[in-house]
file input.txt (compact mmCIF, C-alpha atoms)
# COMPACT_ATOMS: atom_id res chain seq x y z
CA MET A 1 144.83 -0.41 -40.75
CA ALA A 2 142.11 -2.95 -41.48
CA GLY A 3 143.57 -3.80 -44.89
CA SER A 4 146.99 -4.57 -43.44
CA LEU A 5 145.78 -7.21 -40.96
CA PRO A 6 145.80 -10.20 -43.37
CA LEU A 7 149.36 -9.37 -44.37
CA ASN A 8 150.43 -9.20 -40.73
CA ASN A 9 148.69 -12.52 -39.96
CA LYS A 10 150.35 -14.14 -42.97
CA THR A 11 153.73 -12.81 -41.90
CA LEU A 12 153.11 -14.02 -38.36
CA ASN A 13 152.14 -17.51 -39.58
CA THR A 14 155.24 -17.70 -41.77
CA TYR A 15 157.40 -16.63 -38.84
CA GLN A 16 155.76 -19.22 -36.57
CA LYS A 17 156.32 -21.98 -39.14
CA ARG A 18 159.98 -21.02 -39.51
CA THR A 19 160.38 -20.89 -35.73
CA THR A 20 158.73 -24.30 -35.34
CA LYS A 21 160.90 -25.74 -38.12
CA ASN A 22 164.05 -24.32 -36.54
CA SER A 23 163.00 -25.62 -33.11
CA SER A 24 162.33 -29.08 -34.54
CA GLY A 25 165.73 -29.06 -36.22
CA ALA A 26 167.42 -28.02 -32.97
CA VAL A 27 165.60 -30.72 -31.00
CA LYS A 28 166.58 -33.31 -33.61
CA ILE A 29 170.24 -32.29 -33.37
CA VAL A 30 170.20 -32.35 -29.55
CA LEU A 31 168.55 -35.79 -29.45
CA THR A 32 170.98 -37.16 -32.05
CA VAL A 33 174.00 -35.86 -30.12
CA MET A 34 172.62 -37.28 -26.86
CA ALA A 35 172.04 -40.68 -28.49
CA LEU A 36 175.56 -40.69 -29.95
CA LEU A 37 177.10 -39.72 -26.62
CA PHE A 38 175.14 -42.46 -24.87
CA PHE A 39 176.25 -44.99 -27.51
CA ILE A 40 179.90 -43.94 -27.17
CA LEU A 41 179.92 -43.95 -23.36
CA MET A 42 177.84 -47.06 -22.74
CA LEU A 43 178.81 -49.30 -25.68
CA PHE A 44 181.80 -48.15 -27.71
CA VAL A 45 184.12 -47.15 -24.85
CA PRO A 46 183.56 -50.39 -22.84
CA LEU A 47 184.16 -52.52 -25.95
CA ILE A 48 187.39 -50.71 -26.75
CA SER A 49 188.44 -50.90 -23.08
CA VAL A 50 188.17 -54.70 -23.13
CA PHE A 51 190.69 -54.95 -25.99
CA VAL A 52 192.97 -52.27 -24.51
CA LYS A 53 193.12 -54.15 -21.19
CA ALA A 54 193.48 -57.49 -22.97
CA PHE A 55 196.62 -56.37 -24.84
CA GLN A 56 197.94 -54.07 -22.12
CA GLN A 57 200.82 -56.40 -21.22
CA GLY A 58 201.59 -57.40 -24.79
CA VAL A 59 200.60 -59.96 -27.38
CA LYS A 60 202.57 -62.77 -25.72
CA VAL A 61 200.65 -62.40 -22.46
CA TYR A 62 197.39 -62.31 -24.42
CA ILE A 63 198.20 -65.49 -26.33
CA ALA A 64 199.34 -67.20 -23.13
CA ALA A 65 196.04 -66.32 -21.44
CA VAL A 66 193.78 -67.62 -24.22
CA THR A 67 195.88 -70.75 -24.82
CA ASP A 68 196.20 -71.72 -21.16
CA SER A 69 195.04 -75.31 -20.63
CA VAL A 70 192.19 -74.29 -18.28
CA ALA A 71 191.09 -71.54 -20.68
CA LEU A 72 191.12 -74.00 -23.58
CA GLU A 73 188.94 -76.43 -21.62
CA ALA A 74 186.49 -73.59 -20.92
CA ILE A 75 186.47 -72.68 -24.61
CA LYS A 76 185.90 -76.32 -25.60
CA LEU A 77 182.98 -76.68 -23.19
CA THR A 78 181.46 -73.42 -24.44
CA LEU A 79 181.79 -74.55 -28.07
CA LEU A 80 180.32 -77.97 -27.21
CA THR A 81 177.36 -76.25 -25.56
CA ILE A 82 176.82 -74.04 -28.62
CA ILE A 83 177.10 -77.01 -31.02
CA ILE A 84 174.41 -78.92 -29.11
CA VAL A 85 172.11 -76.07 -28.06
CA VAL A 86 171.88 -74.10 -31.32
CA PRO A 87 170.60 -76.92 -33.60
CA ILE A 88 168.06 -78.10 -31.00
CA ASN A 89 166.64 -74.63 -30.37
CA THR A 90 166.74 -73.81 -34.09
CA LEU A 91 164.62 -76.87 -34.84
CA PHE A 92 162.26 -76.07 -31.96
CA GLY A 93 162.03 -72.42 -33.02
CA LEU A 94 161.20 -73.32 -36.62
CA VAL A 95 158.53 -75.84 -35.67
CA ALA A 96 157.00 -73.60 -32.98
CA ALA A 97 156.98 -70.51 -35.21
CA TRP A 98 155.44 -72.46 -38.10
CA ALA A 99 152.74 -73.88 -35.83
CA VAL A 100 151.92 -70.54 -34.17
CA SER A 101 151.87 -68.45 -37.35
CA LYS A 102 150.33 -70.85 -39.87
CA PHE A 103 147.79 -72.93 -37.92
CA ARG A 104 144.91 -72.55 -35.49
CA PHE A 105 144.79 -75.11 -32.71
CA ARG A 106 143.90 -75.54 -29.06
CA GLY A 107 146.77 -74.68 -26.77
CA LYS A 108 148.24 -72.07 -29.11
CA ASN A 109 148.34 -69.42 -26.37
CA LEU A 110 149.90 -71.97 -24.02
CA LEU A 111 152.66 -72.66 -26.56
CA ILE A 112 153.37 -68.93 -26.90
CA THR A 113 153.52 -68.66 -23.10
CA VAL A 114 155.99 -71.56 -22.92
CA ILE A 115 158.15 -69.91 -25.58
CA ASP A 116 158.26 -66.67 -23.57
CA LEU A 117 158.81 -68.37 -20.21
CA PRO A 118 162.63 -68.07 -20.21
CA PHE A 119 162.25 -64.30 -20.68
CA ALA A 120 160.10 -64.09 -17.55
CA ILE A 121 162.22 -66.28 -15.27
CA SER A 122 165.58 -65.15 -13.90
CA PRO A 123 168.45 -67.32 -15.22
CA VAL A 124 169.54 -67.93 -11.62
CA VAL A 125 166.06 -69.21 -10.76
CA ALA A 126 166.16 -71.41 -13.86
CA GLY A 127 169.45 -72.88 -12.65
CA LEU A 128 167.95 -73.56 -9.23
CA ILE A 129 165.01 -75.33 -10.87
CA PHE A 130 167.41 -77.71 -12.62
CA VAL A 131 169.26 -78.30 -9.34
CA LEU A 132 165.95 -79.11 -7.66
CA LEU A 133 165.15 -81.60 -10.41
CA PHE A 134 168.49 -83.23 -11.17
CA SER A 135 170.67 -82.97 -8.06
CA THR A 136 171.90 -86.44 -7.06
CA SER A 137 171.71 -85.54 -3.36
CA HIS A 138 168.35 -83.79 -2.95
CA GLY A 139 166.80 -83.56 -6.41
CA ILE A 140 163.33 -84.85 -7.25
CA LEU A 141 164.85 -87.28 -9.75
CA ALA A 142 167.77 -88.22 -7.48
CA PRO A 143 166.68 -91.89 -7.01
CA VAL A 144 166.53 -92.47 -10.78
CA LEU A 145 169.82 -90.67 -11.43
CA ASN A 146 171.64 -92.56 -8.67
CA LYS A 147 170.22 -95.89 -9.83
CA PHE A 148 171.65 -95.45 -13.33
CA GLY A 149 174.77 -93.57 -12.26
CA LEU A 150 173.84 -90.40 -14.13
CA LYS A 151 175.28 -87.03 -13.18
CA ILE A 152 173.69 -83.90 -14.61
CA ILE A 153 174.27 -81.14 -12.05
CA PHE A 154 177.92 -80.05 -11.68
CA ALA A 155 178.60 -81.71 -15.04
CA PRO A 156 178.38 -80.69 -18.73
CA PRO A 157 174.82 -82.08 -19.19
CA GLY A 158 173.51 -79.62 -16.59
CA ILE A 159 175.21 -76.73 -18.37
CA ILE A 160 173.70 -77.80 -21.69
CA LEU A 161 170.21 -78.16 -20.19
CA ALA A 162 170.37 -74.76 -18.49
CA THR A 163 171.60 -73.10 -21.68
CA LEU A 164 168.89 -74.85 -23.71
CA PHE A 165 166.29 -73.32 -21.41
CA VAL A 166 167.53 -69.73 -21.44
CA THR A 167 168.10 -69.67 -25.23
CA LEU A 168 164.84 -71.40 -26.17
CA PRO A 169 162.83 -68.30 -27.29
CA PHE A 170 165.27 -66.52 -29.60
CA VAL A 171 164.72 -68.30 -32.93
CA ALA A 172 160.96 -68.60 -32.45
CA ARG A 173 160.58 -64.97 -31.44
CA GLU A 174 162.48 -63.78 -34.53
CA LEU A 175 160.40 -65.94 -36.87
CA ILE A 176 156.84 -65.62 -35.52
CA PRO A 177 156.21 -61.91 -36.39
CA LEU A 178 157.66 -62.32 -39.89
CA MET A 179 155.74 -65.53 -40.61
CA GLU A 180 152.50 -63.97 -39.36
CA ALA A 181 153.05 -60.90 -41.56
CA GLN A 182 153.64 -63.07 -44.63
CA GLY A 183 150.37 -64.93 -44.16
CA THR A 184 149.54 -68.37 -45.57
CA SER A 185 148.56 -67.61 -49.18
CA GLU A 186 151.78 -68.93 -50.74
CA GLU A 187 151.73 -72.14 -48.70
CA GLU A 188 148.05 -72.71 -49.50
CA ALA A 189 148.73 -72.24 -53.22
CA ALA A 190 151.59 -74.77 -53.09
CA LEU A 191 149.45 -77.32 -51.25
CA THR A 192 146.64 -76.81 -53.77
CA LEU A 193 149.09 -77.58 -56.58
CA GLY A 194 149.99 -80.87 -54.90
CA ALA A 195 153.15 -80.05 -52.94
CA SER A 196 153.66 -81.96 -49.71
CA GLY A 197 153.83 -80.18 -46.36
CA PHE A 198 157.58 -80.72 -46.06
CA LYS A 199 158.21 -79.54 -49.64
CA THR A 200 156.08 -76.46 -49.05
CA PHE A 201 158.04 -75.66 -45.89
CA ALA A 202 161.44 -76.29 -47.50
CA LEU A 203 160.84 -74.44 -50.78
CA ILE A 204 158.48 -71.62 -49.78
CA THR A 205 158.37 -70.95 -46.04
CA LEU A 206 162.05 -71.40 -45.22
CA PRO A 207 163.49 -69.21 -48.03
CA ASN A 208 161.14 -66.39 -47.00
CA VAL A 209 162.44 -66.35 -43.43
CA LYS A 210 166.09 -67.31 -43.95
CA TRP A 211 167.52 -63.98 -42.76
CA ALA A 212 165.31 -63.80 -39.68
CA LEU A 213 166.32 -67.40 -39.00
CA THR A 214 169.99 -66.48 -39.40
CA TYR A 215 169.64 -63.67 -36.89
CA GLY A 216 167.76 -65.91 -34.46
CA ILE A 217 170.53 -68.50 -34.71
CA MET A 218 173.19 -65.86 -34.06
CA LEU A 219 171.29 -64.57 -31.01
CA THR A 220 171.01 -68.11 -29.69
CA ALA A 221 174.71 -68.78 -30.22
CA ALA A 222 175.72 -65.47 -28.63
CA ARG A 223 173.52 -66.05 -25.59
CA ALA A 224 174.75 -69.64 -25.27
CA ALA A 225 178.36 -68.43 -25.34
CA GLY A 226 177.77 -65.64 -22.83
CA GLU A 227 175.24 -67.20 -20.44
CA PHE A 228 176.36 -66.78 -16.84
CA GLY A 229 173.50 -66.90 -14.32
CA ALA A 230 171.92 -70.31 -14.93
CA VAL A 231 175.24 -71.93 -15.84
CA SER A 232 176.88 -70.56 -12.70
CA VAL A 233 174.28 -72.32 -10.53
CA VAL A 234 174.51 -75.75 -12.20
CA SER A 235 178.22 -75.88 -13.04
CA GLY A 236 179.89 -76.15 -9.64
CA HIS A 237 182.81 -74.01 -10.93
CA ILE A 238 185.10 -77.01 -11.38
CA ARG A 239 188.18 -75.79 -13.24
CA GLY A 240 188.91 -77.65 -16.43
CA LEU A 241 185.63 -79.56 -16.22
CA THR A 242 182.52 -77.40 -15.81
CA ASN A 243 183.73 -73.84 -16.34
CA THR A 244 182.53 -72.11 -19.49
CA VAL A 245 184.25 -68.99 -20.82
CA PRO A 246 182.15 -66.50 -18.75
CA LEU A 247 182.76 -68.49 -15.56
CA HIS A 248 186.49 -68.68 -16.32
CA VAL A 249 186.56 -64.90 -16.81
CA GLU A 250 184.90 -64.42 -13.41
CA ILE A 251 187.44 -66.67 -11.67
CA LEU A 252 190.39 -64.88 -13.29
CA TYR A 253 188.94 -61.50 -12.33
CA ASN A 254 188.33 -62.56 -8.72
CA GLU A 255 191.95 -63.75 -8.55
CA TYR A 256 193.11 -60.29 -9.71
CA LYS A 257 194.46 -61.69 -12.98
CA PHE A 258 193.00 -58.77 -14.89
CA SER A 259 194.99 -59.08 -18.12
CA ALA A 260 194.09 -62.76 -18.46
CA ALA A 261 190.45 -62.05 -17.58
CA PHE A 262 190.16 -59.34 -20.23
CA ALA A 263 192.02 -61.49 -22.76
CA VAL A 264 189.48 -64.30 -22.42
CA ALA A 265 186.62 -61.78 -22.25
CA SER A 266 187.76 -60.35 -25.58
CA LEU A 267 186.72 -63.64 -27.21
CA LEU A 268 183.14 -63.04 -26.07
CA THR A 269 183.40 -59.43 -27.25
CA VAL A 270 184.39 -60.60 -30.74
CA ILE A 271 181.32 -62.85 -30.79
CA ALA A 272 179.16 -59.86 -29.81
CA ILE A 273 180.63 -57.71 -32.61
CA ILE A 274 180.13 -60.46 -35.21
CA ASN A 275 176.57 -60.87 -33.97
CA LEU A 276 175.95 -57.12 -34.37
CA VAL A 277 177.27 -57.13 -37.94
CA ILE A 278 175.13 -60.12 -38.91
CA LYS A 279 172.11 -58.49 -37.25
CA ASN A 280 172.48 -55.40 -39.41
CA ILE A 281 172.90 -57.51 -42.55
CA ALA A 282 169.85 -59.59 -41.63
CA ASP A 283 167.76 -56.47 -40.91
CA TRP A 284 168.75 -54.99 -44.28
CA LYS A 285 167.93 -58.22 -46.11
CA ILE A 286 164.54 -58.49 -44.38
CA LYS A 287 163.68 -54.90 -45.38
CA GLN A 288 164.71 -55.67 -48.96
CA GLN A 289 162.39 -58.70 -48.94
CA GLU A 290 159.49 -56.60 -47.65
CA LYS A 291 159.94 -54.14 -50.52

call {"tool": "encode", "arguments": {"input": "input.txt", "output": "structure tokens"}}
result
Amino acid sequence: MAGSLPLNNKTLNTYQKRTTKNSSGAVKIVLTVMALLFFILMLFVPLISVFVKAFQQGVKVYIAAVTDSVALEAIKLTLLTIIIVVPINTLFGLVAAWAVSKFRFRGKNLLITVIDLPFAISPVVAGLIFVLLFSTSHGILAPVLNKFGLKIIFAPPGIILATLFVTLPFVARELIPLMEAQGTSEEEAALTLGASGFKTFALITLPNVKWALTYGIMLTAARAAGEFGAVSVVSGHIRGLTNTVPLHVEILYNEYKFSAAFAVASLLTVIAIINLVIKNIADWKIKQQEK
């Protein structure tokens, strides 16, 4: 009896290991299935539903909805906003990320706080802040604006300013972790060899972060195209003048023009899908660089 105990313990341990392994495999399968079901129900089905509803009444109705004069004006304003906002926030993001990750200076924590501020403030509150500042009737800067005949709120400039604010962090927040992880050794070596600061940035820093920068730009563009809260506050909902694509979709939906609403919404969905594809490519490229 005594001599058989080690064998029984060994058998018991082997059985326990197999049981644990089988349990882990079962848990992994259950979690994977749950994640897939969640993805299908919460992401895939809604995306497909947008296109199904958009083309429900035929291609002609779809084309008529997206080529309607008011829809085209909304698309033009959205594109104008993207064209202005993306380069400005890309430049800011590059400069801010370079400063935060490569240099030590007073006010560094304050700069990081400013970068994160749009994440902490509701877009609606951000819109109200711009109204408080730039309204020609009761804004803080109303006397100056009225004196020079400038109109910002309920006009395209207000939409651009609000979108600039809410999209400010995306490029910087994509670049800062990567730049910090890369360190400063390559830049210091280039400067030691006589390269200028701009040349060092253009030939060493920028190529190392190009895919993170690409993803940050795509996030900025996607958010600029789809921003609703802040833009809704400052736009005034003037058809053909201050309605962006999301605001136009809301108006169509509230008027029970569902096919037209989903048709225009499908344009934003396409942007989201393109953004997702580029994100995966950028993530893969960044991982390849790290190897």

call {"tool": "atom_distance", "arguments": {"input": "input.txt", "atom1": "atom CA of Val66 of chain A", "atom2": "atom CA of Val245 of chain A"}}
result
10.2 Å

call {"tool": "closest_atom_pairs", "arguments": {"input": "input.txt", "of": "segment 74-96 of chain A", "to": "segment 197-220 of chain A", "cutoff": "10 Å", "atoms": "only C-alpha atoms", "output": "CSV"}}
result
residue,atom,partner,partner_atom,distance
A:Ile82,CA,A:Thr220,CA,8.4
A:Val85,CA,A:Thr220,CA,8.2
A:Val86,CA,A:Thr220,CA,6.3
A:Pro87,CA,A:Ile217,CA,8.5
A:Asn89,CA,A:Thr220,CA,7.9
A:Thr90,CA,A:Ile217,CA,6.6
A:Gly93,CA,A:Gly216,CA,8.8
A:Leu94,CA,A:Leu213,CA,8.2

call {"tool": "atom_distance", "arguments": {"input": "input.txt", "atom1": "atom CA of Ile115 of chain A", "atom2": "atom CA of Pro169 of chain A"}}
result
5.2 Å

call {"tool": "residues_around", "arguments": {"input": "input.txt", "residues": "Ala263 of chain A", "least_positions_apart": "4", "cutoff": "12 Å", "atoms": "all atoms listed in the file", "output": "number ranges by chain"}}
result
A: 49-68, 71, 245-246, 248-249, 252-253, 257-259, 267-270

call {"tool": "atom_distance", "arguments": {"input": "input.txt", "atom1": "atom CA of Glu255 of chain A", "atom2": "atom CA of Val45 of chain A"}}
result
24.5 Å

call {"tool": "closest_residue", "arguments": {"input": "input.txt", "among": "A:Glu250, A:Glu227, A:Glu187, A:Asp116", "to": "Val264 of chain A", "atoms": "all atoms listed in the file"}}
result
A:Glu250

call {"tool": "closest_residue", "arguments": {"input": "input.txt", "among": "A:Thr184, A:Asn146, A:Ser135, A:Thr242", "to": "Ala99 of chain A", "atoms": "only C-alpha atoms"}}
result
A:Thr184

call {"tool": "residues_around", "arguments": {"input": "input.txt", "residues": "segment 76-79 of chain A", "least_positions_apart": "4", "cutoff": "10 Å", "atoms": "all atoms listed in the file", "output": "list in words"}}
result
Val70, Ala71, Leu72, Ile83, Ile84, Val85, Pro156, Ile159, Ile160, Ala221, Ala224, Ala225, Gly226, Glu227, Gly240, Leu241, Thr242, Asn243, Thr244, Val245 and Pro246 of chain A

call {"tool": "closest_residue", "arguments": {"input": "input.txt", "among": "A:His138, A:Lys151, A:Arg223, A:His237", "to": "Ala272 of chain A", "atoms": "only C-alpha atoms"}}
result
A:Arg223

call {"tool": "closest_atom_pairs", "arguments": {"input": "input.txt", "of": "segment 98-144 of chain A", "to": "segment 173-180 of chain A", "cutoff": "8 Å", "atoms": "all atoms listed in the file", "output": "Markdown table"}}
result
| residue | atom | partner | partner_atom | distance |
| --- | --- | --- | --- | --- |
| A:Trp98 | CA | A:Met179 | CA | 7.4 |
| A:Val100 | CA | A:Ile176 | CA | 7.1 |
| A:Ser101 | CA | A:Glu180 | CA | 5.0 |
| A:Lys102 | CA | A:Glu180 | CA | 7.2 |

call {"tool": "residues_near_point", "arguments": {"input": "input.txt", "point": "(171.7, -81.6, -12.5)", "cutoff": "10 Å", "atoms": "only C-alpha atoms", "output": "VMD selection string"}}
result
chain A and resid 127 to 137 139 141 to 142 145 150 to 159 161 to 162 233 to 235

call {"tool": "write_last_selection", "arguments": {"input": "input.txt", "atoms": "C-alpha atoms", "output": "PDB file, in the coordinates of the input"}}
result
ATOM      1  CA  GLY A 127     169.450 -72.880 -12.650  1.00  0.00           C
ATOM      2  CA  LEU A 128     167.950 -73.560  -9.230  1.00  0.00           C
ATOM      3  CA  ILE A 129     165.010 -75.330 -10.870  1.00  0.00           C
ATOM      4  CA  PHE A 130     167.410 -77.710 -12.620  1.00  0.00           C
ATOM      5  CA  VAL A 131     169.260 -78.300  -9.340  1.00  0.00           C
ATOM      6  CA  LEU A 132     165.950 -79.110  -7.660  1.00  0.00           C
ATOM      7  CA  LEU A 133     165.150 -81.600 -10.410  1.00  0.00           C
ATOM      8  CA  PHE A 134     168.490 -83.230 -11.170  1.00  0.00           C
ATOM      9  CA  SER A 135     170.670 -82.970  -8.060  1.00  0.00           C
ATOM     10  CA  THR A 136     171.900 -86.440  -7.060  1.00  0.00           C
ATOM     11  CA  SER A 137     171.710 -85.540  -3.360  1.00  0.00           C
ATOM     12  CA  GLY A 139     166.800 -83.560  -6.410  1.00  0.00           C
ATOM     13  CA  LEU A 141     164.850 -87.280  -9.750  1.00  0.00           C
ATOM     14  CA  ALA A 142     167.770 -88.220  -7.480  1.00  0.00           C
ATOM     15  CA  LEU A 145     169.820 -90.670 -11.430  1.00  0.00           C
ATOM     16  CA  LEU A 150     173.840 -90.400 -14.130  1.00  0.00           C
ATOM     17  CA  LYS A 151     175.280 -87.030 -13.180  1.00  0.00           C
ATOM     18  CA  ILE A 152     173.690 -83.900 -14.610  1.00  0.00           C
ATOM     19  CA  ILE A 153     174.270 -81.140 -12.050  1.00  0.00           C
ATOM     20  CA  PHE A 154     177.920 -80.050 -11.680  1.00  0.00           C
ATOM     21  CA  ALA A 155     178.600 -81.710 -15.040  1.00  0.00           C
ATOM     22  CA  PRO A 156     178.380 -80.690 -18.730  1.00  0.00           C
ATOM     23  CA  PRO A 157     174.820 -82.080 -19.190  1.00  0.00           C
ATOM     24  CA  GLY A 158     173.510 -79.620 -16.590  1.00  0.00           C
ATOM     25  CA  ILE A 159     175.210 -76.730 -18.370  1.00  0.00           C
ATOM     26  CA  LEU A 161     170.210 -78.160 -20.190  1.00  0.00           C
ATOM     27  CA  ALA A 162     170.370 -74.760 -18.490  1.00  0.00           C
ATOM     28  CA  VAL A 233     174.280 -72.320 -10.530  1.00  0.00           C
ATOM     29  CA  VAL A 234     174.510 -75.750 -12.200  1.00  0.00           C
ATOM     30  CA  SER A 235     178.220 -75.880 -13.040  1.00  0.00           C
TER      31      SER A 235
END
